[in-house]
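> Structure provided below as C-alpha cells; questions to follow.
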Amino acid sequence: LLVNSTSHIQFTNSTARELLKGRDLEGRTIIEAFLDENLAVALLKCIRTGKPVQKKVVLRPQSSPLGRSDKESSSAWMIEAAPHFTDDSELLTCVIIRNVTAEYEAEQIRQDFVANASHELRTPMAIIQGYLENLLDDDLLEEPVMSRRFLSVMQKHSNRISRIVEDMLAISKLESGADQTLKKAPFLLKDCVDDVVDRLSSLVTQNNVDLKVSIDPVDLTVVGDGFYLAQVLFNLVENALKENQAPGLKIDVTGKAEGQSIVITVSDNGRGIPSDALPYIFKRFYRVEKHHNNSEVKGTGLGLSIVKRAIEAHDGTITATSTPGVSTTFTITLPVVE
Ligand code: ATP
Ligand code: MG
C-alpha cells in the first residue's frame, strides 16, 4: 500500500486488494482500512515520525486485517512501513504486509515442544534427586535392602529419561530431511510383523491376548525403512496391549495390497479412545490419561507422533478411528514403490 501524510491510502497492489477482501481501499484512511487497531497503530507511528517501522502482529481467530474472518486459528502478520518519495517528491508511506502465519505456527510448535519436553523430563529428574538426597543424607547406604530399593526406583526413572531423549532424537531426525535418514529397501511385511509380535510375545501370553496376523498375499513386499516401520508397528501393537489390561482382548494386524497402495491396519476391541481425544493422539506428549503415579510409569506420549512422522517420511498416511469398547483401528496407507 502507499499511504499519504494524512494517512489516506493512495495505492494498493492486487495482492493487497485480495488480502483486504477486495474492498475499495484507495481514498480510505488507515484506520478505516484496518479494523484491527494493532495494525493501524504501527502504520500511524511511521507516518507521524517518518521513521521506518517493523512490527509483528498476531491476530486472534476471527480477526483478519479487515476485521472478522472465518479463520479458526490465530494469524500472524509482519507489517513494514517506510517513507517513500514519489517522482514529484511527495512524501508517502510505503506499507508492506506479509502473512507470516506459517512461520508463527512453526515457532509455536517448537516452543510447545521445548516446554513439554522439559516438563516431562523434570518429573523423573526430581524423583531421582529426591532419592539421591535420602540415600546420602540418612546413612541409608548402611542398609542394603533399603538402598537397593531406592536405587532400583532411580534406575526406572533414569530409564524413562533415556526413553524420552531417544524418542525426541528420533523425531528430530525424522523431521530434519527424512529422506536422508531413511534407509529404504524391500522387505517382507510378514517378517516385520512377526518380529514385532515376537518382541511383544511375553505381554501377549501374560495377558492371554488373542492376537491374529493376516498378510495377504503372504509375500507382500514393502519398500521402506524396515527399522522405522517395525518401530511403527511395535508402538501400535504395544499401545493396544498396554491400554487394555482387561481380559478378552483381541488384536488384529492385517496387511494387503489395494491398487497402488499397501494398507496395514492394527485394531483392537479394547476400551478405545474417546472421540474428543482422537484429534490429539498424534501430537507430541499427548496421552488420554495424563496422570500417573510414581510407581506406575506410563508411556511418554511420543510414540504416535514418531509413528506419524515415520509414515509421512514414507509418503504414506495414518488415521485412527475408535468406537470405545468395540473397535479401535489404526490404518496405514503406503504408496507402492516400484
Ligand atoms: P509411548 O508410546 O511414547 O510409550 P504412549 O503409548 O502413551 O507413550 P502414544 O503411543 O503416542 O503414547 O499414544 C498416545 C495415547 O493414545 C496413549 O497414551 C493412549 O491414551 C492413546 N492410545 C493409543 N493407542 C490406543 C489404543 N489402541 N487404545 C486406547 N488408547 C490408545
Ligand atoms: Mg505408545
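Naming scheme: A, B, ... for chains in displayed order of the C-alpha cells; residues 1 onward per chain; ligands 1 onward as shown.
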Counting only C-alpha atoms and all ligand atoms, which protein, DNA or RNA residues come within 9 Å of ligand 2, given as an MDAnalysis selection string?

chainID A and resid 234:240 242:243 287 299:304

> Save the residues we just selected, N, CA and C atoms, as an mmCIF file, in the first residue's frame?


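selection_38.cif written:
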```
data_model
loop_
_atom_site.group_PDB
_atom_site.id
_atom_site.type_symbol
_atom_site.label_atom_id
_atom_site.label_comp_id
_atom_site.auth_asym_id
_atom_site.auth_seq_id
_atom_site.Cartn_x
_atom_site.Cartn_y
_atom_site.Cartn_z
ATOM 1 N N PHE A 234 5.414 -51.740 16.197
ATOM 2 C CA PHE A 234 5.645 -52.053 17.607
ATOM 3 C C PHE A 234 4.822 -51.117 18.481
ATOM 4 N N ASN A 235 4.890 -49.829 18.184
ATOM 5 C CA ASN A 235 4.167 -48.885 19.030
ATOM 6 C C ASN A 235 2.657 -49.094 18.950
ATOM 7 N N LEU A 236 2.154 -49.400 17.747
ATOM 8 C CA LEU A 236 0.705 -49.587 17.614
ATOM 9 C C LEU A 236 0.234 -50.815 18.384
ATOM 10 N N VAL A 237 0.971 -51.925 18.246
ATOM 11 C CA VAL A 237 0.563 -53.151 18.944
ATOM 12 C C VAL A 237 0.785 -52.981 20.451
ATOM 13 N N GLU A 238 1.910 -52.353 20.803
ATOM 14 C CA GLU A 238 2.195 -52.114 22.222
ATOM 15 C C GLU A 238 1.093 -51.255 22.852
ATOM 16 N N ASN A 239 0.658 -50.215 22.133
ATOM 17 C CA ASN A 239 -0.430 -49.372 22.656
ATOM 18 C C ASN A 239 -1.679 -50.209 22.917
ATOM 19 N N ALA A 240 -2.029 -51.037 21.939
ATOM 20 C CA ALA A 240 -3.238 -51.849 22.081
ATOM 21 C C ALA A 240 -3.130 -52.752 23.313
ATOM 22 N N LYS A 242 -1.001 -52.315 26.007
ATOM 23 C CA LYS A 242 -0.755 -51.545 27.215
ATOM 24 C C LYS A 242 -2.017 -50.840 27.712
ATOM 25 N N GLU A 243 -2.827 -50.365 26.761
ATOM 26 C CA GLU A 243 -4.010 -49.597 27.149
ATOM 27 C C GLU A 243 -5.158 -50.499 27.589
ATOM 28 N N ARG A 287 -1.308 -37.860 25.932
ATOM 29 C CA ARG A 287 -1.825 -39.126 26.445
ATOM 30 C C ARG A 287 -3.251 -38.878 26.884
ATOM 31 N N GLY A 299 3.671 -44.437 29.412
ATOM 32 C CA GLY A 299 4.423 -44.031 28.225
ATOM 33 C C GLY A 299 4.731 -42.549 28.227
ATOM 34 N N THR A 300 5.481 -42.139 27.209
ATOM 35 C CA THR A 300 5.858 -40.732 27.125
ATOM 36 C C THR A 300 4.863 -39.930 26.299
ATOM 37 N N GLY A 301 4.014 -40.619 25.542
ATOM 38 C CA GLY A 301 3.102 -39.891 24.658
ATOM 39 C C GLY A 301 3.793 -39.440 23.383
ATOM 40 N N LEU A 302 5.005 -39.949 23.155
ATOM 41 C CA LEU A 302 5.712 -39.583 21.920
ATOM 42 C C LEU A 302 5.540 -40.645 20.835
ATOM 43 N N GLY A 303 5.124 -41.855 21.256
ATOM 44 C CA GLY A 303 5.042 -42.974 20.329
ATOM 45 C C GLY A 303 4.302 -42.664 19.040
ATOM 46 N N LEU A 304 3.067 -42.182 19.164
ATOM 47 C CA LEU A 304 2.269 -41.961 17.959
ATOM 48 C C LEU A 304 2.782 -40.791 17.121
#
```

> Quick check for you: according to DSSP on this backbone, which residues of segment 191-246 of chain A are classed as alpha helix (DSSP H)? Reply as an MDAnalysis selection string.

chainID A and resid 191:199 201:206 226:242

> Pull N, CA and C atoms from the residues just selected and write them as a compact mmCIF listing (two decimals), in the first residue's frame.


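Resulting contents of result.txt:
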```txt
# COMPACT_ATOMS: atom_id res chain seq x y z
N ASP A 191 7.59 -60.69 7.72
CA ASP A 191 8.76 -60.82 8.60
C ASP A 191 8.78 -59.70 9.64
N CYS A 192 8.45 -58.50 9.16
CA CYS A 192 8.48 -57.34 10.04
C CYS A 192 7.44 -57.50 11.16
N VAL A 193 6.21 -57.90 10.78
CA VAL A 193 5.14 -58.07 11.76
C VAL A 193 5.50 -59.19 12.74
N ASP A 194 6.01 -60.32 12.21
CA ASP A 194 6.37 -61.44 13.07
C ASP A 194 7.41 -61.02 14.11
N ASP A 195 8.37 -60.23 13.64
CA ASP A 195 9.43 -59.76 14.53
C ASP A 195 8.85 -58.92 15.68
N VAL A 196 7.90 -58.04 15.32
CA VAL A 196 7.26 -57.18 16.32
C VAL A 196 6.47 -58.02 17.32
N VAL A 197 5.70 -58.96 16.79
CA VAL A 197 4.88 -59.82 17.64
C VAL A 197 5.77 -60.62 18.59
N ASP A 198 6.91 -61.06 18.04
CA ASP A 198 7.86 -61.81 18.83
C ASP A 198 8.37 -60.98 20.01
N ARG A 199 8.70 -59.71 19.72
CA ARG A 199 9.23 -58.84 20.77
C ARG A 199 8.19 -58.57 21.86
N SER A 201 5.81 -60.80 22.68
CA SER A 201 5.12 -62.06 22.97
C SER A 201 4.88 -62.29 24.46
N SER A 202 5.80 -61.77 25.32
CA SER A 202 5.59 -62.03 26.75
C SER A 202 4.32 -61.32 27.23
N LEU A 203 4.11 -60.08 26.75
CA LEU A 203 2.88 -59.36 27.12
C LEU A 203 1.64 -60.07 26.60
N VAL A 204 1.78 -60.61 25.38
CA VAL A 204 0.64 -61.27 24.73
C VAL A 204 0.22 -62.51 25.52
N THR A 205 1.21 -63.34 25.87
CA THR A 205 0.86 -64.56 26.61
C THR A 205 0.41 -64.24 28.03
N GLN A 206 1.13 -63.32 28.66
CA GLN A 206 0.82 -62.94 30.04
C GLN A 206 -0.64 -62.50 30.18
N GLY A 226 12.96 -50.59 7.14
CA GLY A 226 12.45 -51.66 7.99
C GLY A 226 12.53 -51.34 9.47
N PHE A 227 13.57 -50.61 9.86
CA PHE A 227 13.73 -50.28 11.27
C PHE A 227 12.59 -49.39 11.74
N TYR A 228 12.32 -48.32 10.98
CA TYR A 228 11.26 -47.39 11.39
C TYR A 228 9.88 -48.03 11.29
N LEU A 229 9.66 -48.85 10.22
CA LEU A 229 8.33 -49.45 10.08
C LEU A 229 8.09 -50.48 11.18
N ALA A 230 9.15 -51.14 11.64
CA ALA A 230 8.98 -52.05 12.78
C ALA A 230 8.66 -51.25 14.04
N GLN A 231 9.32 -50.10 14.19
CA GLN A 231 9.03 -49.22 15.33
C GLN A 231 7.57 -48.81 15.34
N VAL A 232 7.07 -48.47 14.13
CA VAL A 232 5.69 -48.04 13.96
C VAL A 232 4.74 -49.13 14.44
N LEU A 233 4.94 -50.35 13.89
CA LEU A 233 4.04 -51.45 14.24
C LEU A 233 4.18 -51.82 15.71
N PHE A 234 5.41 -51.74 16.20
CA PHE A 234 5.65 -52.05 17.61
C PHE A 234 4.82 -51.12 18.48
N ASN A 235 4.89 -49.83 18.18
CA ASN A 235 4.17 -48.88 19.03
C ASN A 235 2.66 -49.09 18.95
N LEU A 236 2.15 -49.40 17.75
CA LEU A 236 0.71 -49.59 17.61
C LEU A 236 0.23 -50.82 18.38
N VAL A 237 0.97 -51.93 18.25
CA VAL A 237 0.56 -53.15 18.94
C VAL A 237 0.79 -52.98 20.45
N GLU A 238 1.91 -52.35 20.80
CA GLU A 238 2.19 -52.11 22.22
C GLU A 238 1.09 -51.26 22.85
N ASN A 239 0.66 -50.22 22.13
CA ASN A 239 -0.43 -49.37 22.66
C ASN A 239 -1.68 -50.21 22.92
N ALA A 240 -2.03 -51.04 21.94
CA ALA A 240 -3.24 -51.85 22.08
C ALA A 240 -3.13 -52.75 23.31
N LEU A 241 -1.93 -53.30 23.54
CA LEU A 241 -1.72 -54.19 24.69
C LEU A 241 -1.74 -53.41 26.00
N LYS A 242 -1.00 -52.31 26.01
CA LYS A 242 -0.76 -51.54 27.21
C LYS A 242 -2.02 -50.84 27.71
```

> Taking only segment 5-231 of chain A into account, list the residues labelled strand (DSSP E) by DSSP (computed from the backbone), as a ChimeraX atom specification.

/A:9-11,53-59,63-64,67-68,75-85,91-99,185-188,210-216,221-224

> Record the distance separating atom CA of Asp315 of chain A and atom CA of Ile264 of chain A, expressed in Å with one decimal.

14.3 Å

> Within 8 Å of segment 74-86 of chain A, counting only C-alpha atoms, which residues show up once you throw out same-chain ones fewer than 4 positions away? Write them as JSON, numbers by chain, please.

{"A": [39, 42, 43, 46, 47, 50, 51, 52, 53, 54, 55, 56, 57, 58, 59, 60, 61, 62, 63, 64, 90, 91, 92, 93, 94, 95, 96, 97, 98, 99, 100, 101, 104]}

> I'd like to know which of A:Ala277, A:Val336, A:Ala257, A:Ile318 is closest to ligand 1, using only C-alpha atoms and all ligand atoms.

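Counting only C-alpha atoms and all ligand atoms, the residue closest to ligand 1 is A:Ala277.
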
> If we count only C-alpha atoms, what is near Thr15 of chain A at a cut-off of 10 Å, once residues fewer than 4 positions away on the same chain are taken out, given as a ChimeraX atom specification?

/A:1,19-22,97
